[in-house]
Every structure is written in structure tokens, then in C-alpha cells.
Amino acid sequence: MTTAPPRPDSPYQSYVYAYPHKTAYRPLPERPPLRDLWAGEAQHALSLYLHVPFCEVRCGFCNLFTRIGSPEGLTTAYLDALDRQATAVRSALDEGARFALAAFGGGTPTYLTAGELERLCDIAEQRMGADLQAVPLSVEASPATATADRLEVLAARGTTRLSLGVQSFDDAEARSAVRPQKRAEVEAALGRIRAAGFPVLNIDLIYGIDGQTEPSWLRSLDTALAWQPEELYLYPLYVRPLTGLARRGEQESRPAWDARRLALYRAGRDHLLAHGYQQVSMRMFRRAASPQAGAGEYACQTDGMVGLGCGARSYTSRLHYSFDYAVSATEVRGIIDDYVATEDFHRADVGHWMGGAEPRRRHLLQSLLQAEGLPLADYRARFGASPAEDFPAELAEFAERGWLDGGDAEFLRLSPEGLAHSDAVGPMLFSPEVGALMAAYEAK
């Protein structure tokens, strides 16, 4: 792997899970009050996200906002700050605001003790008013922290989806990705998760690890399939600045790595399709007839998100906002310390205003990257135009590359080859302004 920028024709430009990325956020000099930001916003089906910025180890590929370990008392102080933030944010929402789904992410939420997880759930329910027993609740975990007492708390408090970061069942590949774990430990954790009775088990796997071959990749997939997970996420490996793998340096040429990742993706996709899984996106596969962990009432393209915690982001129709973002251990510790010391959470400090055509780009991007595609009638009803009218150059290029499926007049949908190139499709839809902001961001 290499730390150089991806080639212009690489299928792996960037993983787009939100638009714009936090590297396009900037300090907001006006520090707008949250009450003003949420005034007039639709609040009948919000998403709630609580961020826990702690892990027991940092994997070699990880560029998430997280710190390793916590000094005595820090998790308690962090939950205290989370409680203060929740109180401030809830006061900025309408009295009748309600949540359609919730998620705990990180970091590793199960880094917290069982008692601390109880408190995290209390903050979501008692401070924010989310009914965790009535809405889908997704929680991320690692094998080492998926202990029986923690899982018992999460199951009792209404968790419907438990996502386990495995990455590889091959011990040598796990070491290569700088993820210290043993297959026996992972399988023991999966046994505890299944025993806890969560309706949806998701397993995360990564392809493109140094030394990984198609046979070893398929063995990992078969090991995962033996647990009959309702969902599987297949992630291409990225090597980001300031991560452990970036410090290790180049292992193979970029063109060779791109070709290997694309071949492994296709092998994994075909393997899961042959075993009765449906493709939801480039990364997500769902077992046929399994329960869905998402909320049909919530639409990420149009409904707002409330994020709590120093690594969480929030969305209104006009502004996406968060706190400062970093990857390096020193910078992350400083941001967490500042968050813990904050008393007043009534204003937004860092973000990106969603003016001009940005809402249209976001709607198109987040719909097109799903296998089902974009219902053209929904887009026209919201914006009074078609995607082809708003983004003729981008869609023409996608069509020329064979990335669009022209078989349904009512949907704009990626072809199988387009889905395979989702990490190029997404960045090609970024606005010039967002692209310039991201390019100007200095990693820290």
C-alpha cells in the first residue's frame, strides 16, 4: 500500500458516507445558536447518534476520531459532558421532536463498562427523549469489548443491531492490518453476541490487506457466513495519512493494489450473492428475508441528524456542524479534553453551510450510491427538476463509463460496474467548493 494520493482513474478515491466530509468543515465565526438552526426544521423523524471516542487499540488502517485508552475518570467526565450537551441540544429542538432511529458509534462504544453503557442509554432516553425500545438502535463493538455483561445491557436496552468489527478471520492478515486479535477470540465474541439475541448481527470485513489472496478472502467470508449474519459489510482497505499503515510505507504499487482490491471486491460480491445475500450498496449486503435494522420512516437525504459527542456531526437543511476533527493521537486528546471541559453547548462551532446546489448534490449522491438508486419522481418533487438537468456533465460521464443502468425509466441507478466504482462516483459529484476545502485541509 502507498500513502500517495489515488490515481485520477483509481476506483478508490474516497469512501463517501456523508457529504460533505468533515475535512470541508471550517470554524463558524458567527457561532450560530442551535435553537436558531433547528427552528422551522422538520423534526418528526430525526436520527440520533452518540459518539464514544475511545478504543482499546488503534488499528493500522484507522483514521477515526478516537483515542487509545483513557486516564482514570475520563470516561466519567466524558459522559458528564455528553449529558450537558444532550440537555442543551434537546432544549434547542421542538417540544414534539421525535427520533426514528438511534446509533452508538465511535471509537468503540463497548469500550465503556456495562454501567457506563447504562448511562449512555439513559442520556439517549431521558435527556433526548429517544425511545430505544421502540426505534432501531445500532451499536458498534469490537471482539475484545463484546463481553457478556456489556451485551446484556445493550440487549435489555433495546439494541436491534450489533455490528462487530472483525476485518479478517485470518490471524496473519489481522496482524498485517495492525489489528491485534486472534480468530478464536473473534469467534468467542460472536458466540456471546448470538447468545444475547440481537435481531441483526453485522460483521465488518476488509479486503486489500497486504498478503491477502482471493482464497484467504473467501475463507474469511465463509467463516463469517457460518454465523449466518443478517448483514455483512465489505470494506476496501484505505491507507490514510497519520495512520499506522501510512507510517509503514508502500507495500505494492498503486495500480497493482487497485486491481487486487477490485478483484477481491468482485469475488466477495459474487460469493455473497450466491449465498442468498442481497446487495444494498457497494459495501453492504443483507441476507434475504432477514430483518432490516434501519427505519423506513427516516430518510438520510431529507431528515435531520442530531449528533452528540466530540466526534459526532449534526445535519439541518441549512448547516452541517460538528466539533474540530483530527486523527493524530495528540490532537485527538486535546479535542476530547476541550470537549470534556465545555460547559455551554448551545452553539455550533465548526461546520459547512449547505447553500446553492449542495442539497441537490447530497440528495443525488446519497441515493445513487445505494443499489436501489434514486426515484426520479422524489427528486423532481423536492427540487422541481431532474438530476439530468441539474448535473448533465457528471451523469453523461457516468453513462460513458458504463456506470449507469438504463433499464428503468423511473429510477436513476448505478450498473453493477458503477456500484463497483462507488468510491470514484461519489467524489466526482463533489462540488468544486467542497473539493477545494477538502484539498486545503491539513491533516492533524
# chains A, B, ... in the order shown; residues from 1 in each chain; ligands from 1
>>> select_by_dssp(residues="range 2-99 of chain A", states="strand (DSSP E or B)", output="JSON, numbers by chain")
{"A": [26, 27, 33, 46, 47, 48, 49, 50, 51, 52, 54, 55, 67, 68, 99]}
>>> write_last_selection(atoms="N, CA, C and O atoms", output="JSON list (two decimals), in the first residue's frame")
[["chain", "number", "residue", "atom", "x", "y", "z"],
["A", 26, "ARG", "N", -15.35, 24.14, 8.47],
["A", 26, "ARG", "CA", -14.47, 25.20, 8.93],
["A", 26, "ARG", "C", -15.10, 25.88, 10.16],
["A", 26, "ARG", "O", -16.31, 25.79, 10.37],
["A", 27, "PRO", "N", -14.27, 26.55, 10.98],
["A", 27, "PRO", "CA", -14.84, 27.28, 12.13],
["A", 27, "PRO", "C", -15.91, 28.26, 11.68],
["A", 27, "PRO", "O", -15.78, 28.91, 10.63],
["A", 33, "PRO", "N", -26.61, 29.99, 17.26],
["A", 33, "PRO", "CA", -27.31, 29.23, 18.32],
["A", 33, "PRO", "C", -28.04, 28.04, 17.72],
["A", 33, "PRO", "O", -28.64, 28.13, 16.64],
["A", 46, "LEU", "N", -36.21, 12.24, 13.29],
["A", 46, "LEU", "CA", -34.79, 12.54, 13.37],
["A", 46, "LEU", "C", -33.97, 11.28, 13.64],
["A", 46, "LEU", "O", -34.48, 10.27, 14.12],
["A", 47, "SER", "N", -32.70, 11.36, 13.32],
["A", 47, "SER", "CA", -31.74, 10.31, 13.67],
["A", 47, "SER", "C", -30.89, 10.82, 14.83],
["A", 47, "SER", "O", -30.48, 11.99, 14.85],
["A", 48, "LEU", "N", -30.61, 9.94, 15.78],
["A", 48, "LEU", "CA", -29.80, 10.30, 16.95],
["A", 48, "LEU", "C", -28.53, 9.46, 16.94],
["A", 48, "LEU", "O", -28.58, 8.24, 16.85],
["A", 49, "TYR", "N", -27.38, 10.14, 17.05],
["A", 49, "TYR", "CA", -26.09, 9.44, 17.05],
["A", 49, "TYR", "C", -25.28, 9.90, 18.25],
["A", 49, "TYR", "O", -25.10, 11.10, 18.47],
["A", 50, "LEU", "N", -24.82, 8.93, 19.05],
["A", 50, "LEU", "CA", -23.96, 9.21, 20.20],
["A", 50, "LEU", "C", -22.58, 8.64, 19.94],
["A", 50, "LEU", "O", -22.45, 7.45, 19.61],
["A", 51, "HIS", "N", -21.57, 9.50, 20.06],
["A", 51, "HIS", "CA", -20.20, 9.12, 19.71],
["A", 51, "HIS", "C", -19.37, 8.89, 20.96],
["A", 51, "HIS", "O", -19.34, 9.73, 21.87],
["A", 52, "VAL", "N", -18.69, 7.74, 20.99],
["A", 52, "VAL", "CA", -17.81, 7.37, 22.10],
["A", 52, "VAL", "C", -16.38, 7.29, 21.55],
["A", 52, "VAL", "O", -16.06, 6.35, 20.82],
["A", 54, "PHE", "N", -13.35, 6.33, 22.26],
["A", 54, "PHE", "CA", -12.34, 5.52, 22.95],
["A", 54, "PHE", "C", -12.25, 4.14, 22.32],
["A", 54, "PHE", "O", -13.25, 3.56, 21.91],
["A", 55, "CYS", "N", -11.02, 3.61, 22.24],
["A", 55, "CYS", "CA", -10.77, 2.25, 21.78],
["A", 55, "CYS", "C", -9.69, 1.63, 22.65],
["A", 55, "CYS", "O", -8.87, 2.35, 23.25],
["A", 67, "ARG", "N", -9.33, 7.92, 20.68],
["A", 67, "ARG", "CA", -8.08, 7.82, 21.42],
["A", 67, "ARG", "C", -7.97, 6.43, 22.03],
["A", 67, "ARG", "O", -8.98, 5.76, 22.26],
["A", 68, "ILE", "N", -6.74, 6.03, 22.31],
["A", 68, "ILE", "CA", -6.49, 4.71, 22.85],
["A", 68, "ILE", "C", -6.45, 4.80, 24.36],
["A", 68, "ILE", "O", -5.64, 5.54, 24.94],
["A", 99, "PHE", "N", -37.48, 10.87, 17.51],
["A", 99, "PHE", "CA", -36.41, 10.17, 16.82],
["A", 99, "PHE", "C", -36.93, 8.88, 16.21],
["A", 99, "PHE", "O", -37.66, 8.12, 16.85]]
>>> closest_residue(among="A:Thr23, A:Ser216, A:Ser281, A:Ser314", to="Ala267 in chain A", atoms="only C-alpha atoms")
A:Ser216
>>> atom_distance(atom1="CA of Gln85 in chain A", atom2="CA of Leu151 in chain A")
25.9 Å
>>> residues_around(residues="range 389-402 of chain A", least_positions_apart="2", cutoff="10 Å", atoms="only C-alpha atoms", output="list of chain:residue names")
A:Ala357, A:Arg360, A:Arg361, A:Leu364, A:Phe383, A:Ala385, A:Ser386, A:Pro387, A:Leu404, A:Asp405, A:Gly406, A:Leu412, A:Leu414, A:Ser415, A:Pro416, A:Glu417, A:Gly418, A:Val425, A:Met428, A:Leu429
>>> residues_around(residues="Leu82 in chain A", least_positions_apart="3", cutoff="10 Å", atoms="only C-alpha atoms", output="PyMOL selection string")
chain A and resi 50-52+76-79+85-88+120+123-124+127+308-310+339-340+342+345
>>> select_by_dssp(residues="range 175-258 of chain A", states="alpha helix (DSSP H)", output="ChimeraX atom specification")
/A:175-176,183-196,214-225,244-248,254-258
>>> write_last_selection(atoms="N, CA, C and O atoms", output="compact mmCIF listing (two decimals), in the first residue's frame")
# COMPACT_ATOMS: atom_id res chain seq x y z
N ARG A 175 -2.79 -9.32 11.74
CA ARG A 175 -1.52 -8.70 12.13
C ARG A 175 -1.04 -7.73 11.07
O ARG A 175 -0.52 -6.65 11.39
N SER A 176 -1.21 -8.07 9.80
CA SER A 176 -0.77 -7.21 8.71
C SER A 176 -1.53 -5.88 8.73
O SER A 176 -0.97 -4.84 8.38
N ARG A 183 -8.36 -15.32 15.88
CA ARG A 183 -9.63 -15.83 15.37
C ARG A 183 -10.45 -16.45 16.49
O ARG A 183 -11.68 -16.26 16.55
N ALA A 184 -9.82 -17.17 17.40
CA ALA A 184 -10.55 -17.81 18.50
C ALA A 184 -11.27 -16.77 19.35
O ALA A 184 -12.41 -16.99 19.80
N GLU A 185 -10.63 -15.61 19.57
CA GLU A 185 -11.27 -14.55 20.35
C GLU A 185 -12.46 -13.96 19.61
O GLU A 185 -13.49 -13.63 20.22
N VAL A 186 -12.31 -13.82 18.29
CA VAL A 186 -13.40 -13.27 17.48
C VAL A 186 -14.60 -14.22 17.51
O VAL A 186 -15.75 -13.79 17.71
N GLU A 187 -14.34 -15.51 17.34
CA GLU A 187 -15.45 -16.46 17.33
C GLU A 187 -16.11 -16.57 18.70
O GLU A 187 -17.34 -16.74 18.79
N ALA A 188 -15.33 -16.44 19.75
CA ALA A 188 -15.93 -16.44 21.09
C ALA A 188 -16.86 -15.23 21.26
O ALA A 188 -17.96 -15.35 21.83
N ALA A 189 -16.43 -14.07 20.75
CA ALA A 189 -17.27 -12.88 20.83
C ALA A 189 -18.55 -13.07 20.01
O ALA A 189 -19.64 -12.68 20.46
N LEU A 190 -18.44 -13.67 18.84
CA LEU A 190 -19.63 -13.92 18.03
C LEU A 190 -20.59 -14.86 18.74
O LEU A 190 -21.82 -14.69 18.67
N GLY A 191 -20.06 -15.83 19.45
CA GLY A 191 -20.92 -16.71 20.22
C GLY A 191 -21.68 -15.96 21.30
O GLY A 191 -22.88 -16.20 21.51
N ARG A 192 -21.02 -15.04 21.98
CA ARG A 192 -21.69 -14.25 23.02
C ARG A 192 -22.75 -13.33 22.40
O ARG A 192 -23.84 -13.15 22.97
N ILE A 193 -22.44 -12.78 21.24
CA ILE A 193 -23.40 -11.88 20.58
C ILE A 193 -24.64 -12.65 20.16
O ILE A 193 -25.78 -12.20 20.38
N ARG A 194 -24.45 -13.81 19.56
CA ARG A 194 -25.61 -14.61 19.17
C ARG A 194 -26.43 -15.05 20.38
O ARG A 194 -27.66 -15.06 20.35
N ALA A 195 -25.75 -15.37 21.47
CA ALA A 195 -26.46 -15.79 22.68
C ALA A 195 -27.27 -14.65 23.28
O ALA A 195 -28.32 -14.89 23.90
N ALA A 196 -26.83 -13.41 23.07
CA ALA A 196 -27.55 -12.25 23.62
C ALA A 196 -28.84 -11.98 22.86
O ALA A 196 -29.72 -11.29 23.38
N GLU A 214 -7.27 -14.16 -2.96
CA GLU A 214 -8.67 -14.49 -3.14
C GLU A 214 -9.07 -15.71 -2.31
O GLU A 214 -10.13 -15.69 -1.66
N PRO A 215 -8.27 -16.78 -2.27
CA PRO A 215 -8.65 -17.92 -1.40
C PRO A 215 -8.75 -17.53 0.07
O PRO A 215 -9.68 -17.96 0.77
N SER A 216 -7.81 -16.72 0.58
CA SER A 216 -7.88 -16.34 2.00
C SER A 216 -9.06 -15.43 2.26
O SER A 216 -9.70 -15.49 3.33
N TRP A 217 -9.39 -14.57 1.30
CA TRP A 217 -10.55 -13.69 1.42
C TRP A 217 -11.84 -14.51 1.45
O TRP A 217 -12.71 -14.28 2.30
N LEU A 218 -11.95 -15.48 0.59
CA LEU A 218 -13.16 -16.30 0.58
C LEU A 218 -13.26 -17.16 1.83
O LEU A 218 -14.37 -17.45 2.31
N ARG A 219 -12.11 -17.57 2.39
CA ARG A 219 -12.16 -18.31 3.66
C ARG A 219 -12.71 -17.43 4.78
O ARG A 219 -13.50 -17.89 5.62
N SER A 220 -12.30 -16.17 4.82
CA SER A 220 -12.85 -15.25 5.82
C SER A 220 -14.35 -15.08 5.64
O SER A 220 -15.13 -15.08 6.60
N LEU A 221 -14.78 -14.94 4.38
CA LEU A 221 -16.21 -14.81 4.11
C LEU A 221 -16.97 -16.06 4.55
O LEU A 221 -18.05 -15.96 5.16
N ASP A 222 -16.43 -17.23 4.27
CA ASP A 222 -17.11 -18.46 4.66
C ASP A 222 -17.18 -18.61 6.18
O ASP A 222 -18.17 -19.11 6.72
N THR A 223 -16.13 -18.18 6.86
CA THR A 223 -16.16 -18.22 8.33
C THR A 223 -17.25 -17.29 8.86
O THR A 223 -17.98 -17.64 9.80
N ALA A 224 -17.36 -16.11 8.26
CA ALA A 224 -18.43 -15.20 8.66
C ALA A 224 -19.80 -15.79 8.35
O ALA A 224 -20.73 -15.73 9.17
N LEU A 225 -19.94 -16.39 7.17
CA LEU A 225 -21.24 -16.95 6.76
C LEU A 225 -21.70 -18.07 7.69
O LEU A 225 -22.91 -18.30 7.84
N GLY A 244 -1.29 4.03 11.23
CA GLY A 244 -0.18 3.11 11.39
C GLY A 244 0.32 2.54 10.07
O GLY A 244 1.53 2.42 9.84
N LEU A 245 -0.60 2.20 9.17
CA LEU A 245 -0.19 1.66 7.88
C LEU A 245 0.51 2.72 7.03
O LEU A 245 1.41 2.40 6.25
N ALA A 246 0.09 3.98 7.16
CA ALA A 246 0.77 5.03 6.41
C ALA A 246 2.21 5.18 6.86
O ALA A 246 3.11 5.40 6.05
N ARG A 247 2.44 5.03 8.15
CA ARG A 247 3.82 5.14 8.66
C ARG A 247 4.67 3.97 8.18
O ARG A 247 5.88 4.09 8.06
N ARG A 248 4.04 2.82 7.90
CA ARG A 248 4.79 1.66 7.46
C ARG A 248 5.27 1.81 6.02
O ARG A 248 6.27 1.23 5.62
N ARG A 254 0.44 1.37 -6.59
CA ARG A 254 -0.98 1.75 -6.56
C ARG A 254 -1.79 1.02 -7.63
O ARG A 254 -2.87 0.50 -7.34
N PRO A 255 -1.35 0.96 -8.89
CA PRO A 255 -2.16 0.22 -9.89
C PRO A 255 -2.37 -1.24 -9.52
O PRO A 255 -3.47 -1.77 -9.69
N ALA A 256 -1.32 -1.89 -8.99
CA ALA A 256 -1.47 -3.30 -8.61
C ALA A 256 -2.43 -3.45 -7.44
O ALA A 256 -3.25 -4.38 -7.41
N TRP A 257 -2.37 -2.53 -6.49
CA TRP A 257 -3.26 -2.59 -5.32
C TRP A 257 -4.70 -2.33 -5.75
O TRP A 257 -5.63 -3.00 -5.30
N ASP A 258 -4.91 -1.34 -6.64
CA ASP A 258 -6.26 -1.08 -7.15
C ASP A 258 -6.84 -2.33 -7.81
O ASP A 258 -7.99 -2.70 -7.57
>>> atom_distance(atom1="CA of Asp423 in chain A", atom2="CA of Ser14 in chain A")
5.2 Å
